[in-house]
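Visitor: Before anything else, here's the structure in question.
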Amino acid sequence: MRHTKLLLLCLVGTVSLSACGQSNDAEVERAIKSVNALDDSNLSDLMLTAPANEAVNYFQRTLAENPDRIDLQRGLASSLVRAKKPTEAVAVWGRVVEHPEAVPEDKVGFADALIRANNWSRAKTVLDSVPPTYESFQRYRLEAMVADSNKDWDRADSFYETSIGLTTQPSSVLNNWGFSKLTRGDFREAERLFNEALTYDRKNFTTKNNLALARGAQRNYQLPIVDMTQVERAQLLHTLALTAVRQGDTRTGKQLLQEAIETHPQHFEAAARALSALEANEPSAVTATSG
């Protein structure tokens with residue numbers, strides 16, 4: 001008897017579950033879609049930090065199945081930039097900014113791709129269309145770069161300063177600002193900015209090399225006091241040597257090249273070639289130095 005009652009309860013439960021399943025098919029389908037969408041979103045976030053070409057392939061494949069999803073379009077555009085395919089990125093960002101769900105940040109991403117594609121005038125037009133109420137580190141960093149390209153120094157300086165105030169890691173902006181000062185001939189200020197950039201990122205060799213250029217331009221051929229490997233020391237000596245030669249300080253340049261060759265743990269081909277060229281043209285080098 002007890003077995004019969006248990007069997008009946010099981011049958012009733014099975015029928016009830018079946019009935020619920022039939023009545024809630026739409027809800028179950030919606031739930032599954034929500035879970036899948038969440039999984040896709042998580043995977044998309046992961047792919048944004050995956051190897052660039054792998055990310056491009058993922059977003060292209062997924063976007064083909066969901067062509068209207070702006071998050072996938074953004075992911076593809078960003079991945080193309082990382083894959084050093086700015087022209088393709090520009091095309092995708094162009095579609096993103098026309099999407100009904102586009103936000104001001106998308107225009108900033110578009111402008112970034114345009115700059116990478118060397119389309120500075122269009123980048124300026126896009127940045128000019130960003131609402132003034134939208135403020136971000138990336139927006140003002142790009143504004144500064146565009147102003148720099150137009151030699152609008154006052155605006156460039158203003159935008160550089162603003163962007164630095166919007167990040168806790170301003171090393172790249174300080175380096176760009178320093179290079180801007182370097183091209184303007186303000187070598188002392190460039191040196192200061194490169195030194196400040198290195199306080200945030202001590203390992204960035206580009207900034208170290210720019211610092212050597214700024215010091216060399218002031219005829220200060222002493223190595224900067226920064227952390228450096230033996231290879232970096234040799235490379236910075238090479239940079240100072242070439243700067244010295246360009247400024248007519250040929251004898252100093254030769255000494256620095258010799259030091260670079262001796263410092264490098266392997267054969268330093270570029271320095272050895274430059275030194276040989278100088279020695280082969282000794283008379284003209286001496287004339288240049290005396291002049």
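Residues are named by chain letter and number: chains run A, B, ... in the order of the structure tokens, numbers start at 1 in each chain, and ligands are numbered from 1 in the order shown.
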Which residues come within 7 Å of region 53-56 of chain A, counting only C-alpha atoms, excluding same-chain residues fewer than 6 positions away, as a ChimeraX atom specification?
Guide: /A:47,76,79-80,83
Visitor: If you keep all heavy atoms, can you produce a file of those selected residues as a CSV table (one decimal), in the first residue's frame?
Guide:
chain,number,residue,atom,x,y,z
A,47,MET,N,38.4,38.1,-24.2
A,47,MET,CA,39.0,38.2,-25.5
A,47,MET,C,39.7,39.5,-25.7
A,47,MET,O,40.6,39.7,-26.5
A,47,MET,CB,38.0,37.9,-26.6
A,47,MET,CG,37.5,36.5,-26.6
A,47,MET,SD,38.8,35.2,-26.6
A,47,MET,CE,39.6,35.6,-28.2
A,76,LEU,N,35.6,44.1,-31.7
A,76,LEU,CA,36.4,43.9,-33.0
A,76,LEU,C,37.2,45.1,-33.3
A,76,LEU,O,38.4,45.0,-33.7
A,76,LEU,CB,35.4,43.6,-34.1
A,76,LEU,CG,36.0,43.5,-35.5
A,76,LEU,CD1,37.1,42.3,-35.5
A,76,LEU,CD2,35.0,43.2,-36.6
A,79,SER,N,40.2,45.2,-31.0
A,79,SER,CA,41.1,44.2,-31.3
A,79,SER,C,41.9,44.4,-32.5
A,79,SER,O,43.1,44.1,-32.6
A,79,SER,CB,40.4,42.8,-31.4
A,79,SER,OG,39.7,42.5,-30.2
A,80,LEU,N,41.3,45.1,-33.5
A,80,LEU,CA,42.0,45.4,-34.8
A,80,LEU,C,43.1,46.5,-34.5
A,80,LEU,O,44.1,46.4,-35.1
A,80,LEU,CB,41.0,45.9,-35.8
A,80,LEU,CG,40.1,44.9,-36.5
A,80,LEU,CD1,38.9,45.5,-37.2
A,80,LEU,CD2,40.9,44.0,-37.4
A,83,ALA,N,45.9,44.7,-33.0
A,83,ALA,CA,46.5,43.9,-34.0
A,83,ALA,C,47.3,44.7,-35.0
A,83,ALA,O,47.8,44.2,-36.0
A,83,ALA,CB,45.5,43.0,-34.7
Visitor: Which polymer residues have any atom within 7 Å of an atom of Leu193 (chain A), counting only C-alpha atoms, with same-chain residues fewer than 6 positions away left out, as a tab-separated table (two decimals) with N, CA and C atoms, in the first residue's frame?
Guide:
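Below is the file that was written, part_22.tsv:
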chain	number	residue	atom	x	y	z
A	174	LEU	N	53.16	62.04	-20.15
A	174	LEU	CA	54.33	62.85	-19.84
A	174	LEU	C	55.42	62.65	-20.89
A	175	ASN	N	55.56	61.41	-21.35
A	175	ASN	CA	56.54	61.14	-22.40
A	175	ASN	C	56.17	61.85	-23.70
A	178	GLY	N	56.75	65.51	-23.25
A	178	GLY	CA	58.18	65.78	-23.30
A	178	GLY	C	58.70	65.76	-24.73
Visitor: So which residues touch Arg184 (chain A) within 12 Å, counting only C-alpha atoms, skipping near sequence neighbours fewer than 2 positions away, as a list in words?
Guide: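 After dropping sequence-adjacent residues, the list is Asp148, Ser149, Lys151, Asp152, Trp153, Trp177, Gly178, Phe179, Ser180, Lys181, Leu182, Asp186, Phe187, Arg188, Glu189, Ala190, Ala214 and Ala217 of chain A.
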Visitor: Contacts of region 91-96 of chain A at 10 Å or less, counting only C-alpha atoms, minus same-chain residues fewer than 6 places along, as a list in words?
Guide: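 The neighbour list is Asp68, Arg69, Ile70, Asp71, Leu72, Gln73, Arg74, Gly75, Leu76, Ala77, Ser78, Leu80, Ala102, Val103, Asp106, Lys107, Val108, Gly109, Phe110, Ala111, Asp112, Ala113 and Leu114 of chain A.
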Visitor: Nearest to Arg219 (chain A): which of A:Leu48, A:Ala244, A:Ala272, A:Ala144 is it, counting only C-alpha atoms?
Guide: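 Looking only at the distances to Arg219 (chain A), the closest residue turns out to be A:Ala244.
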Visitor: Neighbours of Ser171 (chain A) within 10 Å (only C-alpha atoms; same-chain residues fewer than 2 positions away dropped), as a ChimeraX atom specification?
Guide: /A:164,167-169,173-177,193-202,204,207
Visitor: Neighbours of Ala212 (chain A) within 9 Å (only C-alpha atoms; same-chain residues fewer than 3 positions away dropped), as a list in words?
Guide: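 Result of the neighbour search: Glu191, Thr207, Lys208, Asn209, Arg215, Gly216, Ala217, Asn220, Tyr221, Gln222, Leu223, Pro224, Leu236, Leu237, Thr239, Leu240 and Thr243 of chain A.
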Visitor: Give the alpha helix (DSSP H) residues of region 128-274 of chain A, as assigned by DSSP on the backbone, as a compact mmCIF listing (two decimals) with N, CA, C and O atoms, in the first residue's frame.
Guide:
# COMPACT_ATOMS: atom_id res chain seq x y z
N ASP A 128 36.04 66.90 -32.09
CA ASP A 128 35.25 68.13 -31.95
C ASP A 128 33.77 67.82 -31.74
O ASP A 128 33.03 68.65 -31.20
N PHE A 137 40.53 60.67 -19.57
CA PHE A 137 41.96 60.71 -19.82
C PHE A 137 42.26 60.51 -21.30
O PHE A 137 43.02 61.27 -21.90
N GLN A 138 41.64 59.49 -21.89
CA GLN A 138 41.91 59.17 -23.29
C GLN A 138 41.48 60.30 -24.21
O GLN A 138 42.18 60.63 -25.18
N ARG A 139 40.33 60.90 -23.93
CA ARG A 139 39.84 61.99 -24.77
C ARG A 139 40.85 63.14 -24.82
O ARG A 139 41.23 63.62 -25.90
N TYR A 140 41.33 63.58 -23.65
CA TYR A 140 42.23 64.73 -23.61
C TYR A 140 43.63 64.37 -24.08
O TYR A 140 44.36 65.23 -24.61
N ARG A 141 44.03 63.11 -23.90
CA ARG A 141 45.32 62.68 -24.43
C ARG A 141 45.33 62.80 -25.96
O ARG A 141 46.29 63.30 -26.55
N LEU A 142 44.24 62.37 -26.59
CA LEU A 142 44.13 62.47 -28.04
C LEU A 142 44.00 63.92 -28.50
O LEU A 142 44.56 64.32 -29.52
N GLU A 143 43.25 64.72 -27.74
CA GLU A 143 43.11 66.14 -28.06
C GLU A 143 44.50 66.80 -28.07
O GLU A 143 44.80 67.62 -28.95
N ALA A 144 45.34 66.43 -27.10
CA ALA A 144 46.68 67.00 -27.02
C ALA A 144 47.52 66.59 -28.22
O ALA A 144 48.24 67.42 -28.81
N MET A 145 47.41 65.33 -28.62
CA MET A 145 48.18 64.84 -29.76
C MET A 145 47.76 65.54 -31.05
O MET A 145 48.61 65.91 -31.88
N VAL A 146 46.46 65.75 -31.22
CA VAL A 146 45.97 66.43 -32.42
C VAL A 146 46.44 67.89 -32.43
O VAL A 146 46.88 68.41 -33.47
N ALA A 147 46.35 68.55 -31.28
CA ALA A 147 46.83 69.93 -31.19
C ALA A 147 48.32 70.00 -31.50
O ALA A 147 48.78 70.93 -32.18
N ASP A 148 49.06 69.02 -31.02
CA ASP A 148 50.48 68.94 -31.31
C ASP A 148 50.74 68.85 -32.81
O ASP A 148 51.63 69.52 -33.35
N SER A 149 49.96 67.99 -33.47
CA SER A 149 50.16 67.80 -34.90
C SER A 149 49.90 69.08 -35.69
O SER A 149 50.46 69.29 -36.77
N TRP A 153 50.46 74.88 -29.90
CA TRP A 153 51.16 74.51 -28.67
C TRP A 153 50.38 74.84 -27.40
O TRP A 153 50.41 74.05 -26.44
N ASP A 154 49.71 75.98 -27.37
CA ASP A 154 48.98 76.35 -26.15
C ASP A 154 47.89 75.34 -25.84
O ASP A 154 47.71 74.92 -24.68
N ARG A 155 47.13 74.97 -26.87
CA ARG A 155 46.07 73.98 -26.66
C ARG A 155 46.67 72.62 -26.29
O ARG A 155 46.14 71.92 -25.42
N ALA A 156 47.76 72.27 -26.93
CA ALA A 156 48.41 70.98 -26.63
C ALA A 156 48.82 70.93 -25.16
O ALA A 156 48.53 69.95 -24.46
N ASP A 157 49.48 71.98 -24.69
CA ASP A 157 49.92 72.00 -23.29
C ASP A 157 48.73 71.91 -22.35
O ASP A 157 48.77 71.21 -21.33
N SER A 158 47.66 72.62 -22.67
CA SER A 158 46.47 72.61 -21.83
C SER A 158 45.85 71.21 -21.77
O SER A 158 45.48 70.72 -20.69
N PHE A 159 45.76 70.56 -22.93
CA PHE A 159 45.17 69.21 -22.96
C PHE A 159 46.08 68.19 -22.27
O PHE A 159 45.59 67.28 -21.60
N TYR A 160 47.39 68.31 -22.45
CA TYR A 160 48.31 67.40 -21.77
C TYR A 160 48.13 67.51 -20.26
O TYR A 160 48.03 66.50 -19.54
N GLU A 161 48.07 68.74 -19.77
CA GLU A 161 47.93 68.96 -18.34
C GLU A 161 46.61 68.41 -17.81
O GLU A 161 46.56 67.79 -16.75
N THR A 162 45.54 68.60 -18.58
CA THR A 162 44.24 68.09 -18.17
C THR A 162 44.23 66.57 -18.12
O THR A 162 43.72 65.96 -17.17
N SER A 163 44.79 65.94 -19.14
CA SER A 163 44.78 64.47 -19.19
C SER A 163 45.58 63.87 -18.05
O SER A 163 45.19 62.85 -17.48
N ILE A 164 46.69 64.50 -17.68
CA ILE A 164 47.50 64.00 -16.57
C ILE A 164 46.70 64.01 -15.27
O ILE A 164 46.85 63.11 -14.43
N SER A 171 52.51 58.23 -17.20
CA SER A 171 53.83 58.10 -17.81
C SER A 171 53.81 58.34 -19.32
O SER A 171 54.63 59.09 -19.85
N SER A 172 52.87 57.70 -20.02
CA SER A 172 52.84 57.82 -21.49
C SER A 172 52.54 59.25 -21.92
O SER A 172 53.09 59.75 -22.91
N VAL A 173 51.66 59.93 -21.18
CA VAL A 173 51.32 61.31 -21.53
C VAL A 173 52.49 62.24 -21.27
O VAL A 173 52.81 63.12 -22.07
N LEU A 174 53.16 62.04 -20.15
CA LEU A 174 54.33 62.85 -19.84
C LEU A 174 55.42 62.65 -20.89
O LEU A 174 56.11 63.60 -21.28
N ASN A 175 55.56 61.41 -21.35
CA ASN A 175 56.54 61.14 -22.40
C ASN A 175 56.17 61.85 -23.70
O ASN A 175 57.01 62.48 -24.34
N ASN A 176 54.88 61.78 -24.07
CA ASN A 176 54.43 62.47 -25.28
C ASN A 176 54.61 63.98 -25.16
O ASN A 176 55.03 64.65 -26.12
N TRP A 177 54.28 64.50 -24.00
CA TRP A 177 54.42 65.94 -23.77
C TRP A 177 55.89 66.34 -23.84
O TRP A 177 56.26 67.34 -24.44
N GLY A 178 56.75 65.51 -23.25
CA GLY A 178 58.18 65.78 -23.30
C GLY A 178 58.70 65.76 -24.73
O GLY A 178 59.51 66.62 -25.12
N PHE A 179 58.22 64.81 -25.52
CA PHE A 179 58.67 64.75 -26.91
C PHE A 179 58.18 65.97 -27.69
O PHE A 179 58.88 66.49 -28.56
N SER A 180 56.98 66.43 -27.35
CA SER A 180 56.47 67.64 -27.97
C SER A 180 57.39 68.83 -27.66
O SER A 180 57.74 69.61 -28.55
N LYS A 181 57.78 68.94 -26.41
CA LYS A 181 58.70 70.01 -26.02
C LYS A 181 60.05 69.86 -26.73
O LYS A 181 60.68 70.85 -27.11
N LEU A 182 60.48 68.63 -26.90
CA LEU A 182 61.74 68.36 -27.57
C LEU A 182 61.71 68.86 -29.01
O LEU A 182 62.65 69.50 -29.50
N THR A 183 60.60 68.59 -29.71
CA THR A 183 60.49 69.03 -31.11
C THR A 183 60.38 70.55 -31.21
O THR A 183 60.72 71.13 -32.24
N ARG A 184 59.91 71.19 -30.13
CA ARG A 184 59.79 72.66 -30.15
C ARG A 184 61.12 73.33 -29.79
O ARG A 184 61.23 74.55 -29.89
N PHE A 187 64.37 72.12 -24.67
CA PHE A 187 65.04 70.90 -24.22
C PHE A 187 65.04 70.74 -22.70
O PHE A 187 64.92 69.62 -22.19
N ARG A 188 65.17 71.83 -21.98
CA ARG A 188 65.19 71.75 -20.51
C ARG A 188 63.85 71.24 -19.98
O ARG A 188 63.80 70.37 -19.10
N GLU A 189 62.74 71.77 -20.52
CA GLU A 189 61.42 71.33 -20.08
C GLU A 189 61.17 69.88 -20.51
O GLU A 189 60.55 69.11 -19.78
N ALA A 190 61.65 69.53 -21.70
CA ALA A 190 61.51 68.15 -22.16
C ALA A 190 62.21 67.20 -21.20
O ALA A 190 61.67 66.15 -20.83
N GLU A 191 63.43 67.57 -20.78
CA GLU A 191 64.19 66.74 -19.84
C GLU A 191 63.41 66.55 -18.53
O GLU A 191 63.33 65.45 -17.99
N ARG A 192 62.81 67.64 -18.04
CA ARG A 192 62.04 67.56 -16.81
C ARG A 192 60.86 66.60 -16.94
O ARG A 192 60.60 65.77 -16.05
N LEU A 193 60.15 66.69 -18.06
CA LEU A 193 58.97 65.84 -18.27
C LEU A 193 59.36 64.37 -18.43
O LEU A 193 58.68 63.48 -17.92
N PHE A 194 60.46 64.10 -19.12
CA PHE A 194 60.91 62.71 -19.26
C PHE A 194 61.32 62.14 -17.90
O PHE A 194 61.01 60.98 -17.59
N ASN A 195 61.99 62.94 -17.09
CA ASN A 195 62.35 62.49 -15.75
C ASN A 195 61.11 62.18 -14.92
O ASN A 195 61.07 61.18 -14.19
N GLU A 196 60.10 63.04 -15.03
CA GLU A 196 58.87 62.81 -14.28
C GLU A 196 58.16 61.55 -14.78
O GLU A 196 57.63 60.77 -13.98
N ALA A 197 58.17 61.33 -16.09
CA ALA A 197 57.54 60.13 -16.65
C ALA A 197 58.18 58.87 -16.08
O ALA A 197 57.50 57.88 -15.79
N LEU A 198 59.50 58.91 -15.90
CA LEU A 198 60.21 57.73 -15.40
C LEU A 198 59.92 57.46 -13.93
O LEU A 198 60.15 56.34 -13.45
N THR A 199 59.41 58.43 -13.20
CA THR A 199 59.03 58.16 -11.81
C THR A 199 57.80 57.26 -11.75
O THR A 199 57.55 56.61 -10.73
N TYR A 200 57.03 57.23 -12.83
CA TYR A 200 55.84 56.37 -12.89
C TYR A 200 56.13 55.04 -13.59
O TYR A 200 55.44 54.05 -13.35
N PHE A 205 62.03 52.10 -21.85
CA PHE A 205 63.27 52.50 -22.52
C PHE A 205 63.06 53.67 -23.47
O PHE A 205 63.95 54.50 -23.64
N THR A 206 61.89 53.76 -24.10
CA THR A 206 61.63 54.89 -25.00
C THR A 206 61.80 56.21 -24.27
O THR A 206 62.41 57.16 -24.79
N THR A 207 61.27 56.28 -23.04
CA THR A 207 61.40 57.51 -22.26
C THR A 207 62.86 57.75 -21.88
O THR A 207 63.34 58.90 -21.92
N LYS A 208 63.59 56.70 -21.53
CA LYS A 208 65.02 56.85 -21.21
C LYS A 208 65.79 57.39 -22.41
O LYS A 208 66.65 58.26 -22.28
N ASN A 209 65.47 56.85 -23.57
CA ASN A 209 66.15 57.29 -24.79
C ASN A 209 65.81 58.75 -25.12
O ASN A 209 66.68 59.53 -25.52
N ASN A 210 64.54 59.11 -24.94
CA ASN A 210 64.14 60.50 -25.16
C ASN A 210 64.85 61.44 -24.18
O ASN A 210 65.22 62.56 -24.54
N LEU A 211 65.03 60.97 -22.95
CA LEU A 211 65.74 61.76 -21.94
C LEU A 211 67.19 61.99 -22.38
O LEU A 211 67.71 63.11 -22.26
N ALA A 212 67.82 60.95 -22.92
CA ALA A 212 69.19 61.10 -23.43
C ALA A 212 69.23 62.11 -24.57
O ALA A 212 70.16 62.93 -24.66
N LEU A 213 68.23 62.07 -25.44
CA LEU A 213 68.16 63.04 -26.54
C LEU A 213 68.04 64.47 -26.02
O LEU A 213 68.70 65.38 -26.53
N ALA A 214 67.19 64.66 -25.00
CA ALA A 214 66.98 66.00 -24.46
C ALA A 214 68.26 66.52 -23.81
O ALA A 214 68.61 67.69 -23.95
N ARG A 215 68.97 65.65 -23.11
CA ARG A 215 70.23 66.06 -22.47
C ARG A 215 71.29 66.34 -23.54
O ARG A 215 72.03 67.33 -23.46
N GLY A 216 71.38 65.46 -24.52
CA GLY A 216 72.35 65.64 -25.59
C GLY A 216 72.13 66.93 -26.36
O GLY A 216 73.08 67.60 -26.78
N ALA A 217 70.84 67.29 -26.56
CA ALA A 217 70.52 68.52 -27.28
C ALA A 217 71.02 69.75 -26.54
O ALA A 217 71.23 70.80 -27.15
N GLN A 230 72.70 46.75 -18.74
CA GLN A 230 73.96 46.97 -19.46
C GLN A 230 73.70 47.26 -20.93
O GLN A 230 74.34 48.13 -21.53
N VAL A 231 72.75 46.54 -21.51
CA VAL A 231 72.40 46.77 -22.91
C VAL A 231 71.82 48.17 -23.09
O VAL A 231 72.17 48.89 -24.03
N GLU A 232 70.93 48.55 -22.18
CA GLU A 232 70.34 49.89 -22.27
C GLU A 232 71.41 50.97 -22.11
O GLU A 232 71.36 51.99 -22.80
N ARG A 233 72.36 50.74 -21.23
CA ARG A 233 73.45 51.72 -21.05
C ARG A 233 74.20 51.92 -22.37
O ARG A 233 74.48 53.06 -22.77
N ALA A 234 74.49 50.81 -23.05
CA ALA A 234 75.19 50.91 -24.33
C ALA A 234 74.35 51.65 -25.36
O ALA A 234 74.86 52.49 -26.12
N GLN A 235 73.05 51.36 -25.39
CA GLN A 235 72.17 52.00 -26.37
C GLN A 235 72.03 53.51 -26.10
O GLN A 235 71.98 54.32 -27.03
N LEU A 236 71.97 53.89 -24.83
CA LEU A 236 71.86 55.30 -24.49
C LEU A 236 73.17 56.04 -24.82
O LEU A 236 73.14 57.20 -25.26
N LEU A 237 74.29 55.39 -24.62
CA LEU A 237 75.57 55.97 -25.02
C LEU A 237 75.60 56.19 -26.54
O LEU A 237 76.10 57.20 -27.02
N HIS A 238 75.04 55.23 -27.26
CA HIS A 238 74.95 55.34 -28.72
C HIS A 238 74.09 56.55 -29.12
O HIS A 238 74.45 57.32 -30.03
N THR A 239 72.96 56.71 -28.44
CA THR A 239 72.08 57.86 -28.71
C THR A 239 72.80 59.17 -28.45
O THR A 239 72.73 60.12 -29.25
N LEU A 240 73.48 59.27 -27.32
CA LEU A 240 74.23 60.48 -26.99
C LEU A 240 75.34 60.74 -28.02
O LEU A 240 75.59 61.89 -28.40
N ALA A 241 75.99 59.66 -28.47
CA ALA A 241 77.06 59.80 -29.45
C ALA A 241 76.55 60.39 -30.75
O ALA A 241 77.15 61.34 -31.30
N LEU A 242 75.44 59.87 -31.24
CA LEU A 242 74.89 60.37 -32.50
C LEU A 242 74.42 61.82 -32.36
O LEU A 242 74.56 62.63 -33.28
N THR A 243 73.86 62.14 -31.18
CA THR A 243 73.44 63.52 -30.94
C THR A 243 74.65 64.45 -30.97
O THR A 243 74.60 65.55 -31.55
N ALA A 244 75.74 64.00 -30.36
CA ALA A 244 76.96 64.81 -30.34
C ALA A 244 77.49 65.03 -31.75
O ALA A 244 77.87 66.16 -32.12
N VAL A 245 77.51 63.97 -32.55
CA VAL A 245 78.02 64.09 -33.93
C VAL A 245 77.15 65.05 -34.74
O VAL A 245 77.67 65.90 -35.48
N ARG A 246 75.84 64.96 -34.59
CA ARG A 246 74.94 65.84 -35.35
C ARG A 246 75.17 67.31 -34.98
O ARG A 246 74.92 68.20 -35.78
N THR A 250 82.21 65.99 -32.80
CA THR A 250 82.60 64.70 -33.35
C THR A 250 83.53 63.92 -32.42
O THR A 250 83.38 62.70 -32.27
N ARG A 251 84.50 64.61 -31.82
CA ARG A 251 85.43 63.90 -30.94
C ARG A 251 84.69 63.26 -29.77
O ARG A 251 84.95 62.11 -29.42
N THR A 252 83.77 64.02 -29.18
CA THR A 252 82.96 63.46 -28.09
C THR A 252 82.12 62.30 -28.58
O THR A 252 81.99 61.28 -27.90
N GLY A 253 81.57 62.44 -29.79
CA GLY A 253 80.77 61.37 -30.36
C GLY A 253 81.55 60.08 -30.52
O GLY A 253 81.06 58.99 -30.22
N LYS A 254 82.79 60.20 -30.98
CA LYS A 254 83.65 59.02 -31.16
C LYS A 254 83.94 58.35 -29.81
O LYS A 254 83.89 57.12 -29.68
N GLN A 255 84.20 59.17 -28.80
CA GLN A 255 84.47 58.61 -27.48
C GLN A 255 83.26 57.87 -26.93
O GLN A 255 83.39 56.78 -26.35
N LEU A 256 82.09 58.45 -27.14
CA LEU A 256 80.85 57.82 -26.66
C LEU A 256 80.56 56.52 -27.42
O LEU A 256 80.10 55.54 -26.84
N LEU A 257 80.83 56.52 -28.72
CA LEU A 257 80.64 55.30 -29.50
C LEU A 257 81.57 54.19 -29.03
O LEU A 257 81.17 53.03 -28.91
N GLN A 258 82.82 54.55 -28.76
CA GLN A 258 83.78 53.57 -28.27
C GLN A 258 83.32 53.00 -26.92
O GLN A 258 83.39 51.79 -26.68
N GLU A 259 82.81 53.88 -26.07
CA GLU A 259 82.32 53.43 -24.76
C GLU A 259 81.10 52.52 -24.92
O GLU A 259 80.94 51.54 -24.20
N ALA A 260 80.24 52.87 -25.88
CA ALA A 260 79.05 52.04 -26.13
C ALA A 260 79.45 50.64 -26.58
O ALA A 260 78.88 49.63 -26.14
N ILE A 261 80.43 50.56 -27.45
CA ILE A 261 80.91 49.27 -27.95
C ILE A 261 81.49 48.44 -26.81
O ILE A 261 81.23 47.23 -26.70
N GLU A 262 82.27 49.09 -25.95
CA GLU A 262 82.89 48.38 -24.83
C GLU A 262 81.86 47.98 -23.77
O GLU A 262 82.04 46.97 -23.08
N THR A 263 80.79 48.74 -23.65
CA THR A 263 79.78 48.47 -22.63
C THR A 263 78.85 47.33 -23.02
O THR A 263 78.45 46.52 -22.18
N GLU A 269 76.72 46.23 -33.36
CA GLU A 269 76.95 46.49 -34.78
C GLU A 269 76.70 47.95 -35.16
O GLU A 269 77.50 48.56 -35.87
N ALA A 270 75.60 48.52 -34.69
CA ALA A 270 75.26 49.90 -35.08
C ALA A 270 76.33 50.88 -34.62
O ALA A 270 76.74 51.78 -35.37
N ALA A 271 76.80 50.72 -33.39
CA ALA A 271 77.82 51.63 -32.87
C ALA A 271 79.14 51.42 -33.58
O ALA A 271 79.85 52.39 -33.90
N ALA A 272 79.50 50.17 -33.85
CA ALA A 272 80.76 49.87 -34.54
C ALA A 272 80.74 50.44 -35.95
O ALA A 272 81.75 51.01 -36.42
N ARG A 273 79.61 50.34 -36.62
CA ARG A 273 79.49 50.88 -37.98
C ARG A 273 79.59 52.40 -37.98
O ARG A 273 80.26 52.99 -38.83
N ALA A 274 78.96 53.04 -37.00
CA ALA A 274 79.02 54.50 -36.91
C ALA A 274 80.44 54.97 -36.61
O ALA A 274 80.92 55.97 -37.20
Visitor: Could you tell me how far CA of Thr87 (chain A) sits from CA of Pro132 (chain A), in Å to one decimal place?
Guide: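 Between these atoms lies a distance of 27.1 Å.
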